[in-house]
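Here's the structure we're looking at; comments come further down.
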Amino acid sequence: MNAREIRPGIFWVGVNDRTTDLFEGVWPLPHGVSYNAYLVIGERVALIDTVKAHFAEDLLRNISQVISLERLDYIVVNHMEPDHSGALPAVLRQAPSATVLATPQALPMLASFYGITERVKPVSDGERIDLGGKALAFHHIPFVHWPETMATYEETERVLFTCDAFGGFHALDGVLFDDEVEVWEYEDEILRYFSNIVGMHSRPVLRAIEKLKGLDIAVIAPSHGLVWRRDPVHILEMYSRWARMEALPEVTLVFGSMYGFTSRMAEAVARGVKKAGLKVKVLDAARTHVSFLIREAWKRKGLIIGAPTYDTGIFPPVEYFLRLLERKRLRDRVVGVFGSYGWKGGAVDKIMERVGPLGWEVVDTLGFHGAPSPDDLARAESLGEKVATRVREAASVAEAI
Ligand code: FEO
């Protein structure tokens, strides 16, 4: 993509990445991702963030479409993760007058990641820099996503550059702004990004929103995904809702099955949920990448987990899912657990050992031996009904508050 002016004197100069298979080496990118960087041009010129090192040439070409690289006075590093800082050494080599601006916490990272110790100026929380016709103010927002992170606000055009905050997966398919797409088509990938990358920092996200909401914001310009100019409040509200653990009054059912017995029970549980009048999304943990399982668990209030016993513990794909949910700190879920065993039990107890410390509300548990009997299937249906009923009650209480 070419450089594009987003407001007078402010240009997007980022890149689409459609070749990286796994973001951070872990998370699949079926629709790609963008690394957004921006130029702010006053009498002096600032580049806001860079891109992943592999795309440095594309970034340099985009900047050159707008200004000569020698004109760069500042490179603002909102966040040090290499998807945004990787091209920094390449830019610095071609911008001899540029000074790097970053939080004090970023300085040891600049030194260790790239050996950058000179032409660096730490900026304090609330500090301003006058570019002549444009002005930048720096707002530290630690842990959205790393401890050194900040957001940068351009005062004359009221653009807030937020780096990871308010970003999402999904490359920019010939578009840049929220008013150029059907936003709902991007929302699942924004939530998958939020829940997998930023979700464990939900409290810092809420603190950041509280801190930044006093600014007069016309545009939210993150470093992944859409630029929000028609409705910046929409992305703020989505992030706020997800960080507060608000969810749909529906049920996510994640199960694993070796020979079909647990799968048969999963079908009965799903019938029970539906019988109680709620929607249920059923996902096979062994055949669905865990990043999608995490997203679906984040989306709905009800969560039912089913697994056979494996090596006297939890079927591994389900165990991995639970470990990651624990790490991502998903809270406030209404839960049901079911599990099978062939010769020795274990799965249900081990799931409960993991679920207990998370503080979720466990409505029902159910273990069964071998092939599910008609009685087991009836109990599975009842488990689904109980979880659904409790989810509906919790939703009514939430609405009443
Ligand atoms: Fe997009 Fe935390 O980097």
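Chain labels A, B, ... are given in the sequence in which chains occur in the structure tokens; within each chain residues are numbered consecutively from 1, and ligands are likewise numbered from 1 in the order shown.
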
- Residues within 10 Å of ligand 1 (only C-alpha atoms and all ligand atoms), as a ChimeraX atom specification? /A:23-24,33-36,51-52,78-85,143-146,149,163-165,167-169,193,197-198,222-224

Only N, CA and C atoms, please: the residues just picked out, written as a CSV table (one decimal), in the first residue's frame.
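File written: part_30.csv
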chain,number,residue,atom,x,y,z
A,23,PHE,N,1.8,-14.8,14.2
A,23,PHE,CA,2.1,-13.6,14.9
A,23,PHE,C,2.7,-14.0,16.3
A,24,GLU,N,3.8,-13.3,16.6
A,24,GLU,CA,4.5,-13.6,17.8
A,24,GLU,C,5.0,-15.1,17.8
A,33,VAL,N,-2.2,-9.2,8.9
A,33,VAL,CA,-2.2,-8.1,9.9
A,33,VAL,C,-1.5,-6.9,9.3
A,34,SER,N,-1.7,-5.7,9.8
A,34,SER,CA,-1.0,-4.5,9.4
A,34,SER,C,-0.2,-4.0,10.5
A,35,TYR,N,1.0,-3.4,10.1
A,35,TYR,CA,1.8,-2.6,11.0
A,35,TYR,C,1.7,-1.2,10.6
A,36,ASN,N,0.9,-0.4,11.3
A,36,ASN,CA,0.7,1.0,10.9
A,36,ASN,C,1.8,1.9,11.5
A,51,VAL,N,7.9,-0.5,11.7
A,51,VAL,CA,7.2,-1.8,11.4
A,51,VAL,C,8.1,-2.9,11.7
A,52,LYS,N,7.7,-4.1,11.4
A,52,LYS,CA,8.5,-5.3,11.6
A,52,LYS,C,9.7,-5.2,10.6
A,78,ASN,N,6.3,4.3,20.5
A,78,ASN,CA,5.3,4.1,21.5
A,78,ASN,C,5.4,2.7,22.2
A,79,HIS,N,6.1,1.8,21.5
A,79,HIS,CA,6.1,0.4,22.1
A,79,HIS,C,7.3,-0.3,21.4
A,80,MET,N,8.0,-1.1,22.3
A,80,MET,CA,9.2,-1.7,21.8
A,80,MET,C,9.1,-3.1,21.2
A,81,GLU,N,7.9,-3.7,21.2
A,81,GLU,CA,7.8,-5.0,20.6
A,81,GLU,C,8.3,-4.9,19.1
A,82,PRO,N,9.0,-5.9,18.6
A,82,PRO,CA,9.7,-5.7,17.3
A,82,PRO,C,8.7,-5.6,16.1
A,83,ASP,N,7.4,-5.9,16.3
A,83,ASP,CA,6.5,-5.7,15.2
A,83,ASP,C,6.4,-4.2,14.9
A,84,HIS,N,6.8,-3.4,15.9
A,84,HIS,CA,6.7,-1.9,15.7
A,84,HIS,C,8.1,-1.3,15.7
A,85,SER,N,9.1,-1.9,16.4
A,85,SER,CA,10.4,-1.3,16.5
A,85,SER,C,11.4,-1.9,15.6
A,143,PHE,N,1.8,-1.4,30.2
A,143,PHE,CA,1.2,-2.8,30.0
A,143,PHE,C,0.1,-2.8,29.0
A,144,VAL,N,0.0,-1.9,28.1
A,144,VAL,CA,-0.9,-2.0,27.0
A,144,VAL,C,0.0,-1.8,25.7
A,145,HIS,N,0.9,-2.6,25.5
A,145,HIS,CA,1.0,-4.0,25.9
A,145,HIS,C,2.1,-4.4,26.8
A,146,TRP,N,3.2,-3.7,26.8
A,146,TRP,CA,4.4,-4.0,27.6
A,146,TRP,C,4.5,-2.8,28.6
A,149,THR,N,5.0,1.0,27.4
A,149,THR,CA,4.2,1.5,26.3
A,149,THR,C,3.6,2.9,26.6
A,163,CYS,N,-0.7,2.6,19.2
A,163,CYS,CA,0.1,1.4,19.0
A,163,CYS,C,-0.8,0.2,19.2
A,164,ASP,N,-0.5,-0.7,20.1
A,164,ASP,CA,-1.2,-2.0,20.2
A,164,ASP,C,-2.7,-1.7,20.7
A,165,ALA,N,-2.9,-0.7,21.6
A,165,ALA,CA,-4.2,-0.5,22.1
A,165,ALA,C,-5.2,-0.1,21.0
A,167,GLY,N,-6.1,-1.9,18.6
A,167,GLY,CA,-5.7,-2.6,17.3
A,167,GLY,C,-6.4,-3.9,17.1
A,168,GLY,N,-6.2,-4.5,16.0
A,168,GLY,CA,-6.8,-5.8,15.7
A,168,GLY,C,-6.0,-6.6,14.6
A,169,PHE,N,-6.2,-7.9,14.6
A,169,PHE,CA,-5.7,-8.6,13.4
A,169,PHE,C,-6.5,-8.3,12.2
A,193,TYR,N,-7.5,-10.7,18.4
A,193,TYR,CA,-6.2,-10.0,18.8
A,193,TYR,C,-6.3,-9.6,20.3
A,197,ILE,N,-3.7,-11.2,22.7
A,197,ILE,CA,-2.5,-10.4,22.9
A,197,ILE,C,-2.6,-9.5,24.1
A,198,VAL,N,-3.7,-8.8,24.2
A,198,VAL,CA,-3.9,-7.7,25.2
A,198,VAL,C,-4.7,-8.1,26.4
A,222,PRO,N,-4.4,3.3,15.7
A,222,PRO,CA,-3.6,2.2,16.3
A,222,PRO,C,-2.5,1.8,15.3
A,223,SER,N,-1.7,0.9,15.8
A,223,SER,CA,-0.6,0.3,14.9
A,223,SER,C,-0.9,-1.0,14.3
A,224,HIS,N,-2.1,-1.5,14.5
A,224,HIS,CA,-2.6,-2.7,13.8
A,224,HIS,C,-4.1,-2.4,13.4

- Query: Can you tell me, as number ranges by chain, what residues are no more than 12 Å from Lys281 (chain A) when counting only C-alpha atoms, ignoring any on the same chain fewer than 2 positions away?
  - Reply: A: 248-255, 266-267, 269-271, 273-274, 278-279, 283-284, 292-293, 295-297, 299-305

- Ser382 (chain A) surroundings by only C-alpha atoms, 9 Å radius, close-in-sequence under 4 positions cut, as a PyMOL selection string: chain A and resi 268-269+272-273+377-378+386-387

For the selection you just gave me, I'd like the residues written to a file as a CSV table (one decimal), in the first residue's frame, keeping N, CA and C atoms.
chain,number,residue,atom,x,y,z
A,268,ALA,N,-25.1,-33.9,23.4
A,268,ALA,CA,-26.2,-33.9,24.4
A,268,ALA,C,-26.2,-32.6,25.2
A,269,VAL,N,-25.0,-32.2,25.6
A,269,VAL,CA,-24.9,-30.9,26.4
A,269,VAL,C,-25.4,-29.8,25.5
A,272,GLY,N,-29.0,-29.6,25.4
A,272,GLY,CA,-29.5,-29.0,26.7
A,272,GLY,C,-29.5,-27.5,26.7
A,273,VAL,N,-28.4,-26.9,26.2
A,273,VAL,CA,-28.3,-25.5,26.2
A,273,VAL,C,-29.4,-24.9,25.3
A,377,LEU,N,-26.4,-39.5,29.0
A,377,LEU,CA,-26.8,-38.5,28.0
A,377,LEU,C,-27.8,-37.6,28.5
A,378,ALA,N,-28.7,-38.1,29.4
A,378,ALA,CA,-29.8,-37.3,30.0
A,378,ALA,C,-29.1,-36.3,31.0
A,386,LYS,N,-28.7,-26.5,32.8
A,386,LYS,CA,-28.4,-25.7,34.0
A,386,LYS,C,-27.4,-24.5,33.7
A,387,VAL,N,-26.4,-24.8,32.9
A,387,VAL,CA,-25.5,-23.7,32.6
A,387,VAL,C,-26.2,-22.6,31.9

- DSSP-assigned strand (DSSP E or B) among region 16-70 of chain A, expressed as a ChimeraX atom specification: /A:16-17,22-23,27-28,33-35,38-41,45-48

- Message: Among region 15-167 of chain A, which residues does DSSP mark as alpha helix (DSSP H) when it is run on the backbone? Keep the chain and numbering as in the structure and answer as JSON, numbers by chain.
- Response: {"A": [56, 57, 58, 59, 60, 61, 62, 63, 64, 65, 66, 82, 83, 84, 85, 88, 89, 90, 91, 92, 93, 94, 107, 108, 109, 110, 111, 112, 113, 114]}

Tell me which protein, DNA and RNA residues are within 9 Å of Glu319 (chain A), counting only C-alpha atoms, leaving out same-chain ones fewer than 4 positions away, and put them as a compact mmCIF listing (two decimals) with C-alpha atoms, in the first residue's frame.
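File selection-v3.txt, as written:
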# COMPACT_ATOMS: atom_id res chain seq x y z
CA ALA A 307 -12.54 -33.86 27.84
CA GLY A 313 -5.05 -36.14 33.28
CA ILE A 314 -6.83 -33.85 30.82
CA PHE A 315 -6.90 -34.54 27.08
CA ARG A 323 -3.69 -23.19 30.74
CA LEU A 324 -3.88 -20.29 28.30
CA LYS A 350 -7.93 -32.14 36.87
CA ILE A 351 -10.14 -29.65 35.00
CA ARG A 354 -7.44 -25.62 36.90

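With only C-alpha atoms as the atoms that count, the residue of A:Met1, A:Leu358, A:Val282, A:Arg390 with the shortest distance to Leu322 (chain A) is A:Leu358.
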
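Reported to one decimal place, the separation of CA of Ser240 (chain A) from CA of Val355 (chain A) is 24.6 Å.
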
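Considering only C-alpha atoms, the residue among A:Val40, A:Val318, A:Ile6, A:Leu160 positioned nearest to Asp178 (chain A) is A:Ile6.
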